[in-house]
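Just start.cif here, mmCIF, C-alpha atoms and all ligand atoms:
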data_my_file
#
loop_
_atom_site.label_atom_id
_atom_site.label_comp_id
_atom_site.auth_asym_id
_atom_site.auth_seq_id
_atom_site.Cartn_x
_atom_site.Cartn_y
_atom_site.Cartn_z
CA MET A 1 -19.06 -19.14 -39.33
CA ALA A 2 -22.38 -17.87 -40.74
CA ALA A 3 -23.09 -14.22 -40.04
CA ASP A 4 -26.01 -13.45 -37.73
CA ARG A 5 -28.85 -12.12 -39.86
CA ILE A 6 -30.05 -8.73 -38.68
CA VAL A 7 -33.36 -7.07 -39.48
CA ILE A 8 -33.22 -3.77 -41.32
CA PHE A 9 -36.10 -1.55 -40.22
CA ASP A 10 -36.14 1.47 -42.48
CA THR A 11 -37.79 4.57 -41.05
CA THR A 12 -36.93 7.04 -43.81
CA LEU A 13 -40.63 7.50 -44.53
CA ARG A 14 -41.58 8.08 -40.89
CA ASP A 15 -38.80 9.41 -38.62
CA GLY A 16 -36.92 10.74 -41.65
CA GLU A 17 -39.92 12.28 -43.30
CA GLN A 18 -41.06 14.05 -40.14
CA ALA A 19 -37.85 16.13 -40.03
CA PRO A 20 -38.01 19.73 -41.28
CA GLY A 21 -37.47 19.97 -45.03
CA PHE A 22 -38.06 16.29 -45.72
CA SER A 23 -41.80 16.00 -46.08
CA LEU A 24 -43.00 13.98 -49.04
CA ARG A 25 -46.25 13.58 -50.94
CA VAL A 26 -47.96 10.21 -50.85
CA SER A 27 -46.94 9.42 -54.44
CA GLU A 28 -43.32 10.26 -53.59
CA LYS A 29 -43.43 8.01 -50.54
CA LEU A 30 -44.68 5.19 -52.74
CA GLN A 31 -41.85 5.79 -55.21
CA LEU A 32 -39.30 5.62 -52.40
CA ALA A 33 -40.96 2.56 -50.90
CA ARG A 34 -40.48 0.76 -54.22
CA GLN A 35 -36.80 1.69 -54.15
CA LEU A 36 -36.52 0.50 -50.52
CA ASP A 37 -38.03 -2.76 -51.68
CA ALA A 38 -35.41 -3.03 -54.45
CA LEU A 39 -32.79 -2.24 -51.83
CA GLY A 40 -33.95 -5.25 -49.82
CA VAL A 41 -34.91 -3.70 -46.49
CA ASP A 42 -36.98 -6.01 -44.27
CA ILE A 43 -39.42 -3.49 -42.86
CA ILE A 44 -40.65 -0.15 -44.16
CA GLU A 45 -42.10 2.16 -41.54
CA ALA A 46 -44.50 3.96 -43.83
CA GLY A 47 -46.01 6.57 -41.53
CA PHE A 48 -47.90 7.58 -38.41
CA PRO A 49 -51.54 7.18 -39.47
CA ILE A 50 -53.16 9.14 -36.62
CA ALA A 51 -50.94 12.14 -37.44
CA SER A 52 -52.55 12.91 -40.81
CA GLU A 53 -54.79 11.51 -43.50
CA ALA A 54 -51.82 11.61 -45.89
CA ASP A 55 -49.80 9.41 -43.54
CA ALA A 56 -52.69 6.95 -43.25
CA GLU A 57 -53.02 6.92 -47.04
CA ALA A 58 -49.28 6.32 -47.49
CA VAL A 59 -49.44 3.36 -45.12
CA ARG A 60 -52.46 1.90 -46.96
CA LEU A 61 -50.89 2.37 -50.36
CA ILE A 62 -47.44 1.03 -49.50
CA ALA A 63 -48.97 -1.93 -47.66
CA THR A 64 -50.81 -2.98 -50.80
CA GLU A 65 -48.47 -1.83 -53.59
CA VAL A 66 -45.21 -2.98 -52.02
CA PRO A 67 -46.08 -6.37 -50.58
CA ARG A 68 -42.64 -7.98 -50.06
CA PRO A 69 -41.34 -5.99 -47.05
CA VAL A 70 -43.32 -5.75 -43.84
CA THR A 71 -45.18 -2.43 -43.67
CA ALA A 72 -45.07 -0.83 -40.23
CA ALA A 73 -47.34 1.92 -38.92
CA LEU A 74 -46.56 4.01 -35.86
CA ALA A 75 -49.05 4.54 -33.03
CA ARG A 76 -48.84 6.04 -29.56
CA CYS A 77 -50.05 3.81 -26.73
CA ARG A 78 -53.58 5.11 -27.24
CA THR A 79 -56.70 3.30 -28.36
CA ASP A 80 -57.52 5.59 -31.27
CA ASP A 81 -53.92 5.56 -32.53
CA ILE A 82 -53.81 1.77 -32.56
CA GLU A 83 -57.20 1.57 -34.26
CA ARG A 84 -56.08 3.95 -36.97
CA ALA A 85 -52.82 2.08 -37.52
CA GLY A 86 -54.63 -1.27 -37.58
CA GLU A 87 -57.17 -0.02 -40.12
CA SER A 88 -54.50 1.50 -42.36
CA LEU A 89 -52.70 -1.84 -42.42
CA LYS A 90 -55.81 -3.93 -43.07
CA ALA A 91 -54.92 -4.81 -46.66
CA ALA A 92 -51.25 -5.46 -45.95
CA ALA A 93 -49.74 -8.79 -46.86
CA ARG A 94 -47.32 -8.34 -43.96
CA SER A 95 -47.99 -5.72 -41.32
CA ARG A 96 -46.51 -4.48 -38.07
CA ILE A 97 -48.00 -2.09 -35.55
CA HIS A 98 -45.27 -0.11 -33.86
CA THR A 99 -46.54 1.37 -30.64
CA PHE A 100 -44.52 3.60 -28.36
CA ILE A 101 -44.59 5.54 -25.13
CA ALA A 102 -41.90 7.50 -23.33
CA THR A 103 -40.56 5.78 -20.21
CA SER A 104 -38.03 8.21 -18.73
CA ASP A 105 -39.08 10.15 -15.65
CA LEU A 106 -38.30 13.38 -17.48
CA HIS A 107 -40.79 12.59 -20.23
CA LEU A 108 -43.37 11.11 -17.85
CA GLU A 109 -43.32 14.09 -15.50
CA LYS A 110 -42.76 17.00 -17.85
CA LYS A 111 -44.36 15.86 -21.09
CA LEU A 112 -46.99 13.22 -20.43
CA HIS A 113 -47.88 14.11 -16.81
CA ILE A 114 -48.41 10.49 -15.88
CA THR A 115 -46.89 8.14 -13.31
CA ARG A 116 -44.66 5.17 -14.06
CA GLU A 117 -47.58 2.88 -13.22
CA GLN A 118 -49.84 4.64 -15.72
CA CYS A 119 -47.12 4.39 -18.33
CA LEU A 120 -46.73 0.67 -17.72
CA GLN A 121 -50.48 0.06 -17.99
CA ALA A 122 -50.74 2.11 -21.19
CA ALA A 123 -47.93 0.10 -22.73
CA ILE A 124 -49.50 -3.25 -21.82
CA SER A 125 -52.96 -2.19 -23.08
CA ALA A 126 -51.57 -0.86 -26.36
CA VAL A 127 -49.62 -4.02 -27.11
CA THR A 128 -52.63 -6.18 -26.22
CA GLN A 129 -54.88 -4.10 -28.47
CA ALA A 130 -52.34 -4.12 -31.32
CA ARG A 131 -52.14 -7.91 -31.18
CA GLY A 132 -55.84 -7.90 -32.11
CA TYR A 133 -54.79 -6.57 -35.54
CA THR A 134 -51.53 -8.38 -36.23
CA ASP A 135 -49.17 -10.94 -34.73
CA ASP A 136 -46.26 -8.62 -35.44
CA VAL A 137 -46.20 -5.94 -32.75
CA GLN A 138 -43.27 -3.72 -31.91
CA PHE A 139 -43.06 -1.76 -28.69
CA SER A 140 -40.73 1.22 -28.30
CA ALA A 141 -39.77 2.78 -24.98
CA GLU A 142 -39.13 6.35 -26.08
CA ASP A 143 -36.12 7.90 -24.32
CA ALA A 144 -35.19 4.39 -23.18
CA THR A 145 -31.54 5.22 -22.64
CA ARG A 146 -32.43 7.89 -20.05
CA THR A 147 -34.96 5.65 -18.28
CA ASP A 148 -34.47 4.13 -14.83
CA LEU A 149 -33.14 0.65 -15.61
CA ASP A 150 -35.30 -1.25 -13.10
CA PHE A 151 -38.43 0.40 -14.43
CA LEU A 152 -37.42 -0.18 -18.02
CA CYS A 153 -36.84 -3.88 -17.30
CA ARG A 154 -40.36 -4.09 -15.84
CA VAL A 155 -41.85 -2.40 -18.89
CA VAL A 156 -39.95 -4.61 -21.30
CA GLU A 157 -40.88 -7.81 -19.49
CA SER A 158 -44.55 -6.76 -19.35
CA VAL A 159 -44.87 -5.83 -23.02
CA ILE A 160 -43.27 -9.09 -24.09
CA THR A 161 -45.76 -10.96 -21.88
CA ALA A 162 -48.54 -8.89 -23.51
CA GLY A 163 -47.40 -10.01 -26.96
CA ALA A 164 -44.73 -7.63 -28.26
CA THR A 165 -42.49 -9.53 -30.67
CA THR A 166 -39.94 -6.74 -31.10
CA VAL A 167 -38.75 -4.38 -28.38
CA ASN A 168 -37.07 -1.21 -29.53
CA LEU A 169 -34.94 0.79 -27.10
CA PRO A 170 -34.33 4.19 -28.67
CA ASP A 171 -31.58 6.60 -27.83
CA THR A 172 -34.16 9.26 -28.64
CA VAL A 173 -31.99 12.30 -28.01
CA GLY A 174 -28.69 10.86 -29.23
CA TYR A 175 -27.12 11.21 -25.79
CA SER A 176 -25.41 7.85 -25.34
CA THR A 177 -21.90 6.71 -26.13
CA PRO A 178 -21.10 3.33 -27.73
CA ASP A 179 -19.77 1.81 -24.46
CA GLU A 180 -22.91 2.87 -22.68
CA ILE A 181 -25.20 1.48 -25.35
CA TYR A 182 -23.35 -1.82 -25.24
CA GLU A 183 -23.72 -2.08 -21.46
CA PHE A 184 -27.33 -0.90 -21.64
CA PHE A 185 -28.40 -3.64 -24.08
CA ARG A 186 -26.37 -6.24 -22.20
CA ALA A 187 -28.10 -5.26 -18.95
CA ILE A 188 -31.62 -5.40 -20.40
CA LEU A 189 -31.01 -8.67 -22.25
CA SER A 190 -29.58 -10.37 -19.18
CA ARG A 191 -32.05 -8.99 -16.64
CA VAL A 192 -35.39 -9.37 -18.44
CA PRO A 193 -36.44 -13.00 -17.87
CA ASN A 194 -38.44 -13.37 -21.12
CA ALA A 195 -36.00 -11.40 -23.30
CA ASP A 196 -35.50 -14.45 -25.51
CA HIS A 197 -39.13 -14.17 -26.65
CA ALA A 198 -38.56 -10.92 -28.55
CA ILE A 199 -36.12 -9.37 -30.98
CA PHE A 200 -34.36 -6.34 -29.54
CA SER A 201 -33.90 -3.28 -31.68
CA ALA A 202 -31.72 -0.16 -31.67
CA HIS A 203 -32.97 3.25 -32.80
CA CYS A 204 -30.20 5.79 -32.35
CA HIS A 205 -30.29 9.49 -33.08
CA ASP A 206 -27.24 11.39 -34.21
CA ASP A 207 -27.12 14.46 -31.97
CA LEU A 208 -23.50 13.72 -31.02
CA GLY A 209 -22.65 12.09 -34.34
CA LEU A 210 -22.64 8.66 -32.67
CA ALA A 211 -25.79 7.08 -34.10
CA VAL A 212 -24.07 4.52 -36.30
CA ALA A 213 -21.39 3.68 -33.71
CA ASN A 214 -24.12 3.26 -31.09
CA THR A 215 -26.18 1.05 -33.39
CA LEU A 216 -23.18 -1.18 -34.06
CA ALA A 217 -22.50 -1.37 -30.32
CA ALA A 218 -26.12 -2.47 -29.76
CA LEU A 219 -25.64 -5.23 -32.33
CA ARG A 220 -22.53 -6.45 -30.57
CA ALA A 221 -24.53 -6.53 -27.34
CA GLY A 222 -27.29 -8.69 -28.83
CA ALA A 223 -29.76 -6.41 -30.62
CA ARG A 224 -30.85 -7.98 -33.90
CA GLN A 225 -32.90 -5.22 -35.48
CA VAL A 226 -31.56 -1.81 -36.47
CA GLU A 227 -33.68 1.22 -37.25
CA CYS A 228 -32.13 3.49 -39.79
CA THR A 229 -32.77 5.87 -42.68
CA ILE A 230 -31.37 6.59 -46.10
CA ASN A 231 -28.81 9.41 -45.91
CA GLY A 232 -29.30 9.33 -42.12
CA ILE A 233 -32.24 11.72 -42.26
CA GLY A 234 -34.49 12.08 -39.22
CA GLU A 235 -35.43 14.28 -36.31
CA ARG A 236 -32.85 17.01 -35.54
CA ALA A 237 -29.40 15.64 -36.48
CA GLY A 238 -31.04 12.53 -37.91
CA ASN A 239 -31.02 8.78 -37.40
CA ALA A 240 -28.37 6.16 -37.94
CA SER A 241 -27.69 5.97 -41.66
CA LEU A 242 -28.70 2.74 -43.36
CA GLU A 243 -25.86 2.83 -45.85
CA GLU A 244 -23.23 3.29 -43.15
CA ILE A 245 -24.53 0.45 -40.98
CA VAL A 246 -24.87 -1.94 -43.89
CA MET A 247 -21.49 -1.16 -45.41
CA ALA A 248 -19.75 -1.26 -42.02
CA THR A 249 -21.02 -4.79 -41.51
CA LYS A 250 -20.17 -5.77 -45.07
CA VAL A 251 -16.66 -4.29 -45.14
CA ARG A 252 -15.78 -5.28 -41.55
CA GLN A 253 -17.21 -8.79 -41.28
CA ASP A 254 -14.14 -9.63 -39.18
CA ARG A 255 -15.34 -7.29 -36.41
CA LEU A 256 -19.06 -7.11 -37.22
CA PRO A 257 -20.19 -10.58 -38.29
CA PHE A 258 -23.75 -9.63 -39.22
CA GLY A 259 -25.62 -10.24 -42.44
CA THR A 260 -28.43 -8.31 -44.08
CA ALA A 261 -30.56 -8.84 -47.17
CA VAL A 262 -29.63 -5.41 -48.51
CA VAL A 263 -28.67 -5.27 -52.17
CA THR A 264 -25.87 -2.80 -51.63
CA GLU A 265 -25.67 -1.91 -55.32
CA GLN A 266 -29.03 -0.15 -54.86
CA ILE A 267 -27.79 2.17 -52.10
CA PHE A 268 -26.72 5.07 -54.27
CA ALA A 269 -29.96 5.02 -56.28
CA ALA A 270 -31.96 5.19 -53.04
CA SER A 271 -29.84 8.06 -51.78
CA GLN A 272 -30.16 9.96 -55.04
CA MET A 273 -33.91 9.43 -55.22
CA LEU A 274 -34.36 10.78 -51.70
CA THR A 275 -32.23 13.79 -52.52
CA ARG A 276 -34.18 14.46 -55.69
CA LEU A 277 -37.58 14.13 -54.03
CA THR A 278 -36.78 16.25 -50.99
CA GLY A 279 -34.42 18.72 -52.63
CA GLU A 280 -32.03 18.22 -49.71
CA ALA A 281 -28.52 17.26 -50.82
CA VAL A 282 -26.21 15.20 -48.65
CA GLN A 283 -22.93 16.77 -47.58
CA ALA A 284 -20.10 16.18 -50.07
CA ASN A 285 -18.05 14.18 -47.57
CA LYS A 286 -20.93 11.99 -46.36
CA ALA A 287 -19.72 8.40 -45.99
CA ILE A 288 -20.79 6.01 -48.77
CA VAL A 289 -23.09 8.34 -50.72
CA GLY A 290 -21.50 11.81 -50.60
CA ARG A 291 -20.05 13.32 -53.77
CA ASN A 292 -16.51 12.91 -52.41
CA ALA A 293 -16.93 9.41 -50.96
CA PHE A 294 -15.09 7.94 -53.97
CA ALA A 295 -13.33 11.05 -55.25
CA HIS A 296 -9.61 11.73 -54.95
CA GLU A 297 -7.78 14.97 -55.60
CA ALA A 298 -4.50 14.72 -53.72
CA GLY A 299 -1.58 13.75 -55.94
CA ILE A 300 -0.27 11.05 -53.62
CA HIS A 301 -3.73 9.49 -53.38
CA GLN A 302 -4.38 9.65 -57.11
CA ASP A 303 -1.03 8.06 -57.78
CA GLY A 304 -1.82 5.27 -55.30
CA MET A 305 -5.28 4.76 -56.77
CA LEU A 306 -3.90 4.45 -60.28
CA LYS A 307 -1.41 1.83 -59.11
CA ASP A 308 -3.87 -0.14 -56.95
CA ARG A 309 -7.24 1.24 -55.85
CA ARG A 310 -7.04 -0.61 -52.51
CA THR A 311 -4.38 1.87 -51.41
CA TYR A 312 -7.08 4.48 -50.76
CA GLU A 313 -10.45 2.75 -51.12
CA ILE A 314 -11.81 0.19 -48.67
CA MET A 315 -14.80 -0.66 -50.86
CA ARG A 316 -15.53 -0.40 -54.54
CA PRO A 317 -17.88 2.36 -55.69
CA GLU A 318 -19.78 -0.17 -57.81
CA ASP A 319 -20.57 -2.15 -54.63
CA VAL A 320 -22.84 0.68 -53.51
CA GLY A 321 -24.04 1.61 -56.98
CA VAL A 322 -21.79 4.63 -57.45
CA PRO A 323 -20.85 4.72 -61.14
CA ALA A 324 -17.07 5.10 -60.70
CA THR A 325 -14.25 6.50 -58.68
CA THR A 326 -13.45 10.06 -59.69
CA LEU A 327 -10.01 11.48 -59.78
CA VAL A 328 -10.71 15.19 -59.46
CA LEU A 329 -8.18 17.41 -61.15
CA GLY A 330 -7.33 20.21 -58.78
CA LYS A 331 -4.32 22.03 -57.39
CA HIS A 332 -3.38 19.01 -55.27
CA SER A 333 -3.33 16.60 -58.18
CA GLY A 334 -0.16 15.08 -59.54
CA ARG A 335 1.07 14.47 -63.07
CA HIS A 336 0.16 10.81 -62.92
CA ALA A 337 -3.54 11.69 -62.63
CA VAL A 338 -3.31 14.33 -65.36
CA HIS A 339 -1.63 11.86 -67.67
CA HIS A 340 -4.25 9.21 -66.88
CA ARG A 341 -7.09 11.63 -67.64
CA VAL A 342 -5.46 12.70 -70.89
CA GLN A 343 -5.23 9.05 -71.94
CA GLN A 344 -8.86 8.49 -70.94
CA LEU A 345 -9.73 11.34 -73.25
CA GLY A 346 -7.96 9.47 -76.06
CA LEU A 347 -5.00 11.83 -76.30
CA GLU A 348 -1.28 11.20 -76.18
CA LEU A 349 1.26 13.73 -74.93
CA GLU A 350 5.02 13.96 -75.09
CA ARG A 351 6.74 14.13 -71.74
CA LEU A 352 7.46 17.87 -72.09
CA GLU A 353 3.92 18.58 -73.22
CA LEU A 354 2.67 16.79 -70.15
CA ASP A 355 4.92 18.92 -67.94
CA ARG A 356 3.56 22.09 -69.51
CA LEU A 357 -0.02 20.88 -69.29
CA TYR A 358 0.45 19.94 -65.66
CA ARG A 359 1.75 23.41 -64.77
CA ARG A 360 -1.13 25.11 -66.59
CA MET A 361 -3.66 22.80 -64.99
CA VAL A 362 -2.40 23.58 -61.48
CA ALA A 363 -2.33 27.32 -62.22
CA LEU A 364 -5.95 27.21 -63.38
CA ALA A 365 -6.99 25.03 -60.43
CA ASP A 366 -5.40 27.58 -58.10
CA GLN A 367 -7.93 30.08 -59.40
CA GLN A 368 -11.04 27.95 -59.76
CA LYS A 369 -10.53 24.84 -57.57
CA THR A 370 -11.08 22.11 -60.17
CA VAL A 371 -10.43 21.63 -63.85
CA SER A 372 -12.91 19.95 -66.17
CA ASP A 373 -12.18 17.63 -69.08
CA ALA A 374 -13.22 20.34 -71.54
CA GLU A 375 -10.75 22.78 -69.97
CA LEU A 376 -8.02 20.18 -70.10
CA VAL A 377 -8.59 19.56 -73.82
CA GLN A 378 -8.62 23.33 -74.44
CA MET A 379 -5.29 23.68 -72.61
CA ILE A 380 -3.76 20.95 -74.73
CA THR A 381 -4.93 22.69 -77.90
CA ASP A 382 -3.54 26.01 -76.66
CA LEU A 383 -0.18 24.71 -75.61
CA ARG A 384 0.24 22.90 -78.92
CA GLN A 385 -0.41 26.15 -80.74
CA THR A 386 2.02 28.14 -78.57
CA PRO A 387 5.32 26.31 -78.19
CA GLU A 388 7.16 27.28 -75.06
CA PRO A 389 9.86 29.91 -75.72
CA GLY A 390 13.40 28.71 -75.20
CA ALA A 391 14.52 25.39 -73.96
CA PRO A 392 12.14 23.58 -71.68
CA THR A 393 13.08 24.02 -68.04
CA PRO A 394 12.59 21.47 -65.32
CA LEU A 395 9.29 21.90 -63.62
CA GLY A 396 9.10 25.13 -61.74
CA HIS A 397 5.80 24.72 -60.04
CA LYS A 398 5.55 25.35 -56.35
CA HIS A 399 4.31 21.80 -55.76
CA GLY A 400 7.57 20.43 -57.11
CA PRO A 401 7.98 17.58 -59.55
CA GLY A 402 4.70 15.90 -58.79
CA THR A 403 4.30 15.05 -55.12
CA GLU A 404 3.36 11.48 -55.96
CA GLU A 405 6.73 10.80 -57.51
CA VAL A 406 8.86 12.04 -54.64
CA GLY A 407 6.51 10.45 -52.14
CA TYR A 408 6.03 13.36 -49.77
CA GLY A 409 4.04 12.07 -46.85
CA HIS A 410 2.23 15.23 -45.87
CA GLY A 411 -1.18 13.77 -46.40
CA VAL A 412 -2.42 15.88 -49.30
O1 LIG B 501 -36.68 8.52 -31.43
C1 LIG B 501 -37.63 7.86 -30.97
O2 LIG B 501 -37.69 7.57 -29.78
C2 LIG B 501 -38.66 7.44 -31.91
C3 LIG B 501 -39.69 6.48 -31.41
C4 LIG B 501 -41.05 6.86 -31.85
C5 LIG B 501 -39.34 5.10 -31.86
O3 LIG B 501 -38.63 7.79 -33.05
ZN ZN B 502 -36.62 8.56 -33.60
#
Entire entry expressed as structure tokens:
Amino acid sequence: MAADRIVIFDTTLRDGEQAPGFSLRVSEKLQLARQLDALGVDIIEAGFPIASEADAEAVRLIATEVPRPVTAALARCRTDDIERAGESLKAAARSRIHTFIATSDLHLEKKLHITREQCLQAAISAVTQARGYTDDVQFSAEDATRTDLDFLCRVVESVITAGATTVNLPDTVGYSTPDEIYEFFRAILSRVPNADHAIFSAHCHDDLGLAVANTLAALRAGARQVECTINGIGERAGNASLEEIVMATKVRQDRLPFGTAVVTEQIFAASQMLTRLTGEAVQANKAIVGRNAFAHEAGIHQDGMLKDRRTYEIMRPEDVGVPATTLVLGKHSGRHAVHHRVQQLGLELERLELDRLYRRMVALADQQKTVSDAELVQMITDLRQTPEPGAPTPLGHKHGPGTEEVGYGHGV
């Protein structure tokens, strides 16, 4: 069965860039846009033109210099916003105006000070105006997941009638759970009579760490566009991470039968470029792109990896552009990994030499966490120059004779 093609809407340069610490110059945005193009995203949200001249310039530049993906520009449901977005996109080969307004009572009463009726009219007018610039208009109901469902259905039906071709229902504050998101999209898709005239989109924030799970739940419920960012950057705790969504669908086709046009081998390069340009590193244990995502230190794991990588890796590092799996030599490593590294370094050791090296390596790692190749070579030189006094004893190290060989199952 062919996988359902989903649309990847990348908002690294808009939602991601507007987060503290992630602002980028126009030239840097262009550089990233080229990488997003190489990555194969369908839509690049390049900025919010009314917000600043630099954002308008970034939209103009990306729209002309990166013609393959659709360039999207954000606009509130206001005449001047839509005008500015439309003008910035004038030279685009493929453009989308993305207009939004909050729909929850909380936002209407406390933030916008307007009634539901005023909100509805603003949404309809904005979509109508945007259609004067492009046939590709996206409407977003900000704080959709905390909006009264009957009212939201009215808004969605009306904007589709007014010409919205994509309807995005953001979990703006990252409040929802996957079950809820599933039911929410099911309810909207079944209740809105003209729902089949638009593509529905998920835009989930990560305040409870559920953005990717919620996005996948929305897909299962019928959404066919996902909004996401490289490294999951975005307002507060961020957005759903592009690399996690894409690899989840790729690795788990059995449960998530969705296809994308993403060239997954370009993921790591995109992540690294973003890190370099913003100066904000991703956490070491970040899925897919973190430093430890394909690194193994525990002896049992290293032993398994050396026998068959599938024992501890569900995808290959090269599939996401990571150069190689790393077996980190640390205090949890076993002799199998040490021996493997020694061989990689072009050296051969006798069994007893390997035992001595292993003990020294663990002792050093106890002090300084990990041991580099240079340190390993130095230890080999040292131990060859200083033969062990007396007869060699069986291994006396506290970790025993290499956890991987006795198969302790304590999860190191
Ligand atoms: O989180 C949000 O609601 C947004 C909208 C502007 C789409 O970013
Ligand atoms: Zn957002």
Exercise for review: Select the residues contacting ligand LIG 501 (chain B) at a distance of at most 7 Å, based on all atoms listed in the file, then format the selection as a VMD selection string.
Suggested key: chain A and resid 15 100 140 142 to 143 170 to 173 203 205
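As for atom CA of Ile314 of chain A and atom CA of Thr11 of chain A, they are spaced 27.4 Å apart.
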Point to revise | Protein, DNA and RNA residues within 12 Å of (1.2, 1.3, -60.7), only C-alpha atoms, as a count of residues only | key: 15
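Considering the residues A:Ala130, A:Ala213, A:Ile188, A:Cys119 and counting all atoms listed in the file, Ala85 of chain A has its shortest atom-to-atom contact with A:Ala130.
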Practice item. Find the residue from A:Ile101, A:Ala75, A:Leu345, A:Arg360 that sits nearest to Asp373 of chain A; use all atoms listed in the file when measuring. Key: A:Leu345
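Each of A:Ala248, A:Ala56, A:Ala102, A:Val156 was compared to His197 of chain A using all atoms listed in the file, and A:Val156 turns out to be the nearest.
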Check your understanding: Which distance in Å separates atom CA of Leu347 of chain A and atom CA of Pro317 of chain A, to one decimal?
Key -> 26.1 Å
Review point. For Ile230 of chain A, which of A:Thr260, A:Thr370, A:Gln266, A:Ser201 is the closest residue, counting only C-alpha atoms?
Key: A:Gln266
Check your understanding: What lies within 7 Å of segment 78-84 of chain A using all atoms listed in the file, ignoring chain neighbours under 2 positions off, as JSON, numbers by chain?
Key -> {"A": [49, 50, 75, 76, 86, 87, 88, 126, 130]}
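Distance-wise, atom CA of Ala202 of chain A and atom CA of Thr215 of chain A end up 5.9 Å apart.
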